Amino acid sequence: MEPAAQVGQLVDNRYRIARLIGRGSMADVFDARDEIANRDVALKILRGRIAQDKEAVIRLQREAHLQEMISHRNVAKVYGGGSTEFRAPYLVFELLQGVSMRQVVRNHGRVASFKAASYIWQALQGLSAAHTLNIFHRDIKPANLMLEPSPGPVERVVLIDFGFATLQGSARLTMTGHVVGSLAYLAPERIGTADPGSAAADIYALGVIFFELLTGQRPFVADSELKLVTMQLEQQAPSLRAVAPDADISPALENVVLRALAKDPAERPASAAAMAVEIEQAMDGG
């Protein structure tokens, strides 16, 4: 069923679909009303023939299981799931009202160092909660970081979409022919390998986003995937202050970003929590 035709439908005798709010590679996401809990939610429904694909269904179930394990303000809440009357599996998430970091980068380019540092610090808190449970996201990118309205000076960052996440020690699930993770944010050790992901790889991806927020561009930009891969594997990230000489980036903050972008995973911050501390120290002038 096309998304427009689903508007107004009652799913599983509980969720009234209001409007389409997003389309992924495998699923549609709707704003819906939980008529039993009396709250607005986000409904993620597998699309068309994908809903009958066993591997896609297992991935959706894994996403729900892993995300439910993490209870943290910087990770989107999962409320449950089920199947529609057309046997399409769905998940129910907290409804986020803000915008993605991808939209911020596209519309505004770079942001002030204080705001960029706060965004990444918050994302690291969510990642730390996941990593503590040996859950690796594997698809950290601006589109998967939501910025929610907050009473404070900076929006609340919420990590979403654990569809490609893995639990250390569990069986891996990767769709045939699918490269897990967006290439521009993929750690060098994961390119062209069967690497299942790690805390260090998630940290690298956040390092790319941090660089992008502070300078207005990613550390590696190329006109072909082959050139981008070569740069990711062989070139060191450039100086942030050379890329954006008029930006307010301290040497200490630049060092945090470049450490996160180290080619050798062992040279990156030891953990998400450790990188968060480095950001605090850099912003305090330490």
# chains A, B, ... in the order shown; residues from 1 in each chain; ligands from 1
call {"tool": "closest_atom_pairs", "arguments": {"of": "range 98-144 of chain A", "to": "range 60-70 of chain A", "cutoff": "8 Å", "atoms": "only C-alpha atoms", "output": "CSV"}}
result
residue,atom,partner,partner_atom,distance
A:Ala129,CA,A:Ile70,CA,6.6
A:Ala130,CA,A:Ile70,CA,6.1
A:Leu133,CA,A:Ile70,CA,7.9
A:Ile135,CA,A:Leu66,CA,7.3
call {"tool": "write_last_selection", "arguments": {"atoms": "N, CA and C atoms", "output": "PDB file, in the first residue's frame"}}
result
ATOM      1  N   ALA A 129      26.204   4.793  26.239  1.00  0.00           N
ATOM      2  CA  ALA A 129      25.185   3.903  26.804  1.00  0.00           C
ATOM      3  C   ALA A 129      25.052   2.637  25.957  1.00  0.00           C
ATOM      4  N   ALA A 130      25.136   2.789  24.631  1.00  0.00           N
ATOM      5  CA  ALA A 130      25.054   1.622  23.748  1.00  0.00           C
ATOM      6  C   ALA A 130      26.308   0.765  23.859  1.00  0.00           C
ATOM      7  N   LEU A 133      26.759  -1.659  26.614  1.00  0.00           N
ATOM      8  CA  LEU A 133      26.031  -2.916  26.417  1.00  0.00           C
ATOM      9  C   LEU A 133      26.603  -3.717  25.253  1.00  0.00           C
ATOM     10  N   ILE A 135      26.826  -2.756  22.205  1.00  0.00           N
ATOM     11  CA  ILE A 135      26.045  -2.502  21.004  1.00  0.00           C
ATOM     12  C   ILE A 135      26.759  -1.427  20.190  1.00  0.00           C
TER      13      ILE A 135
END
call {"tool": "residues_around", "arguments": {"residues": "Ala56 in chain A", "least_positions_apart": "6", "cutoff": "12 Å", "atoms": "only C-alpha atoms", "output": "PyMOL selection string"}}
result
chain A and resi 25-27+45-50+62-63+88-90+163-164+173-176
call {"tool": "write_last_selection", "arguments": {"atoms": "C-alpha atoms", "output": "CSV table (one decimal), in the first residue's frame"}}
result
chain,number,residue,atom,x,y,z
A,25,SER,CA,15.5,2.3,2.0
A,26,MET,CA,13.2,-0.4,3.5
A,27,ALA,CA,10.5,1.3,5.5
A,45,ILE,CA,6.5,0.1,8.7
A,46,LEU,CA,8.4,-2.2,6.3
A,47,ARG,CA,7.5,-1.4,2.7
A,48,GLY,CA,5.9,-3.6,0.0
A,49,ARG,CA,7.7,-6.7,-0.9
A,50,ILE,CA,10.4,-5.9,1.7
A,62,ARG,CA,16.9,-6.9,15.9
A,63,GLU,CA,16.6,-3.1,15.7
A,88,ALA,CA,3.8,-5.8,7.3
A,89,PRO,CA,6.0,-5.7,10.4
A,90,TYR,CA,6.2,-2.3,12.2
A,163,GLY,CA,18.8,-1.0,11.9
A,164,PHE,CA,22.4,-1.9,11.2
A,173,LEU,CA,23.2,-10.0,9.7
A,174,THR,CA,24.1,-8.0,6.5
A,175,MET,CA,22.0,-7.9,3.4
A,176,THR,CA,23.7,-9.4,0.4
call {"tool": "atom_distance", "arguments": {"atom1": "CA of Gly109 in chain A", "atom2": "CA of Gln217 in chain A"}}
result
7.5 Å
call {"tool": "select_by_dssp", "arguments": {"residues": "range 31-211 of chain A", "states": "alpha helix (DSSP H)", "output": "short mmCIF file (atom, residue, chain, number, x, y, z; two decimals) with C-alpha atoms, in the first residue's frame"}}
result
data_model
loop_
_atom_site.label_atom_id
_atom_site.label_comp_id
_atom_site.auth_asym_id
_atom_site.auth_seq_id
_atom_site.Cartn_x
_atom_site.Cartn_y
_atom_site.Cartn_z
CA LYS A 54 12.77 -12.78 6.02
CA GLU A 55 16.12 -11.05 6.44
CA ALA A 56 14.51 -7.59 6.49
CA VAL A 57 12.02 -8.73 9.11
CA ILE A 58 14.77 -10.19 11.27
CA ARG A 59 16.71 -6.92 10.95
CA LEU A 60 13.68 -4.92 12.10
CA GLN A 61 13.22 -7.23 15.07
CA ARG A 62 16.89 -6.89 15.93
CA GLU A 63 16.64 -3.12 15.72
CA ALA A 64 13.79 -3.16 18.23
CA HIS A 65 15.58 -5.57 20.56
CA LEU A 66 18.85 -3.64 20.62
CA GLN A 67 17.28 -0.21 20.93
CA GLU A 68 14.98 -1.36 23.73
CA MET A 69 18.08 -2.44 25.68
CA MET A 101 21.58 17.17 11.88
CA ARG A 102 21.72 16.52 8.13
CA GLN A 103 19.21 19.33 7.61
CA VAL A 104 21.25 21.66 9.83
CA VAL A 105 24.45 20.94 7.90
CA ARG A 106 22.67 21.43 4.56
CA ASN A 107 20.89 24.63 5.55
CA HIS A 108 23.48 26.33 7.72
CA SER A 113 32.11 25.63 18.22
CA PHE A 114 30.12 25.65 21.48
CA LYS A 115 27.04 24.27 19.75
CA ALA A 116 29.01 21.72 17.70
CA ALA A 117 30.80 20.50 20.83
CA SER A 118 27.49 20.17 22.69
CA TYR A 119 25.94 18.20 19.83
CA ILE A 120 28.82 15.73 19.67
CA TRP A 121 29.12 15.51 23.46
CA GLN A 122 25.45 14.52 23.69
CA ALA A 123 25.78 12.00 20.86
CA LEU A 124 28.72 10.48 22.73
CA GLN A 125 26.55 10.05 25.83
CA GLY A 126 24.05 8.01 23.80
CA LEU A 127 26.82 6.03 22.15
CA SER A 128 28.45 5.37 25.51
CA ALA A 129 25.18 3.90 26.80
CA ALA A 130 25.05 1.62 23.75
CA HIS A 131 28.74 0.67 23.87
CA THR A 132 28.47 -0.22 27.55
CA ALA A 199 33.28 1.48 19.42
CA ALA A 200 36.30 2.96 17.63
CA ALA A 201 34.47 2.91 14.28
CA ASP A 202 31.46 4.71 15.76
CA ILE A 203 33.83 7.29 17.27
CA TYR A 204 35.46 7.82 13.86
CA ALA A 205 32.06 8.52 12.29
CA LEU A 206 31.29 11.10 14.97
CA GLY A 207 34.70 12.62 14.30
CA VAL A 208 33.72 13.16 10.67
CA ILE A 209 30.48 14.82 11.75
CA PHE A 210 32.34 16.99 14.28
CA PHE A 211 34.73 18.13 11.53
#
call {"tool": "residues_around", "arguments": {"residues": "Leu186 in chain A", "least_positions_apart": "4", "cutoff": "12 Å", "atoms": "only C-alpha atoms", "output": "MDAnalysis selection string"}}
result
chainID A and resid 137:141 179:182 190:193 195 197:198 200:209 220 228:229 231:233 261 263
call {"tool": "select_by_dssp", "arguments": {"residues": "range 109-161 of chain A", "states": "strand (DSSP E)", "output": "ChimeraX atom specification"}}
result
/A:135-136,145-148,156-159
call {"tool": "closest_residue", "arguments": {"among": "A:Ala76, A:Pro3, A:Glu189, A:Asn255", "to": "Asn144 in chain A", "atoms": "only C-alpha atoms"}}
result
A:Ala76
call {"tool": "atom_distance", "arguments": {"atom1": "CA of Val92 in chain A", "atom2": "CA of Val41 in chain A"}}
result
6.6 Å
call {"tool": "closest_residue", "arguments": {"among": "A:Leu20, A:Val111, A:Ala187, A:Val7", "to": "Pro265 in chain A", "atoms": "only C-alpha atoms"}}
result
A:Ala187
call {"tool": "residues_around", "arguments": {"residues": "range 250-252 of chain A", "least_positions_apart": "5", "cutoff": "10 Å", "atoms": "only C-alpha atoms", "output": "mmCIF file with N, CA and C atoms, in the first residue's frame"}}
result
data_model
loop_
_atom_site.group_PDB
_atom_site.id
_atom_site.type_symbol
_atom_site.label_atom_id
_atom_site.label_comp_id
_atom_site.auth_asym_id
_atom_site.auth_seq_id
_atom_site.Cartn_x
_atom_site.Cartn_y
_atom_site.Cartn_z
ATOM 1 N N SER A 113 31.391 26.725 17.578
ATOM 2 C CA SER A 113 32.113 25.630 18.219
ATOM 3 C C SER A 113 31.415 25.143 19.486
ATOM 4 N N SER A 239 43.955 19.904 8.560
ATOM 5 C CA SER A 239 43.755 20.791 9.696
ATOM 6 C C SER A 239 42.416 21.503 9.564
ATOM 7 N N LEU A 240 41.638 21.496 10.643
ATOM 8 C CA LEU A 240 40.345 22.174 10.614
ATOM 9 C C LEU A 240 40.520 23.671 10.407
ATOM 10 N N ARG A 241 41.520 24.231 11.058
ATOM 11 C CA ARG A 241 41.714 25.678 10.977
ATOM 12 C C ARG A 241 42.254 26.100 9.615
ATOM 13 N N VAL A 257 39.131 16.433 17.546
ATOM 14 C CA VAL A 257 38.551 15.963 16.295
ATOM 15 C C VAL A 257 39.539 15.094 15.527
ATOM 16 N N GLU A 278 37.352 14.576 26.777
ATOM 17 C CA GLU A 278 38.310 15.391 26.011
ATOM 18 C C GLU A 278 37.635 16.668 25.508
ATOM 19 N N ILE A 279 36.381 16.550 25.077
ATOM 20 C CA ILE A 279 35.651 17.728 24.601
ATOM 21 C C ILE A 279 35.440 18.713 25.754
ATOM 22 N N GLN A 281 37.282 19.110 28.400
ATOM 23 C CA GLN A 281 38.554 19.741 28.731
ATOM 24 C C GLN A 281 38.935 20.781 27.686
ATOM 25 N N ALA A 282 38.694 20.473 26.408
ATOM 26 C CA ALA A 282 39.027 21.419 25.344
ATOM 27 C C ALA A 282 38.174 22.685 25.454
ATOM 28 N N MET A 283 36.908 22.529 25.777
ATOM 29 C CA MET A 283 36.023 23.683 25.876
ATOM 30 C C MET A 283 36.309 24.509 27.136
ATOM 31 N N ASP A 284 36.908 23.861 28.140
ATOM 32 C CA ASP A 284 37.293 24.579 29.366
ATOM 33 C C ASP A 284 38.657 25.242 29.229
ATOM 34 N N GLY A 285 39.284 25.019 28.070
ATOM 35 C CA GLY A 285 40.602 25.611 27.843
ATOM 36 C C GLY A 285 41.737 24.745 28.313
ATOM 37 N N GLY A 286 41.380 23.453 28.678
ATOM 38 C CA GLY A 286 42.432 22.576 29.181
ATOM 39 C C GLY A 286 43.151 21.837 28.081
#
call {"tool": "closest_residue", "arguments": {"among": "A:Glu94, A:Arg87, A:Val277, A:Glu2", "to": "Gln52 in chain A", "atoms": "only C-alpha atoms"}}
result
A:Arg87
call {"tool": "atom_distance", "arguments": {"atom1": "CA of Met146 in chain A", "atom2": "CA of Arg19 in chain A"}}
result
18.8 Å
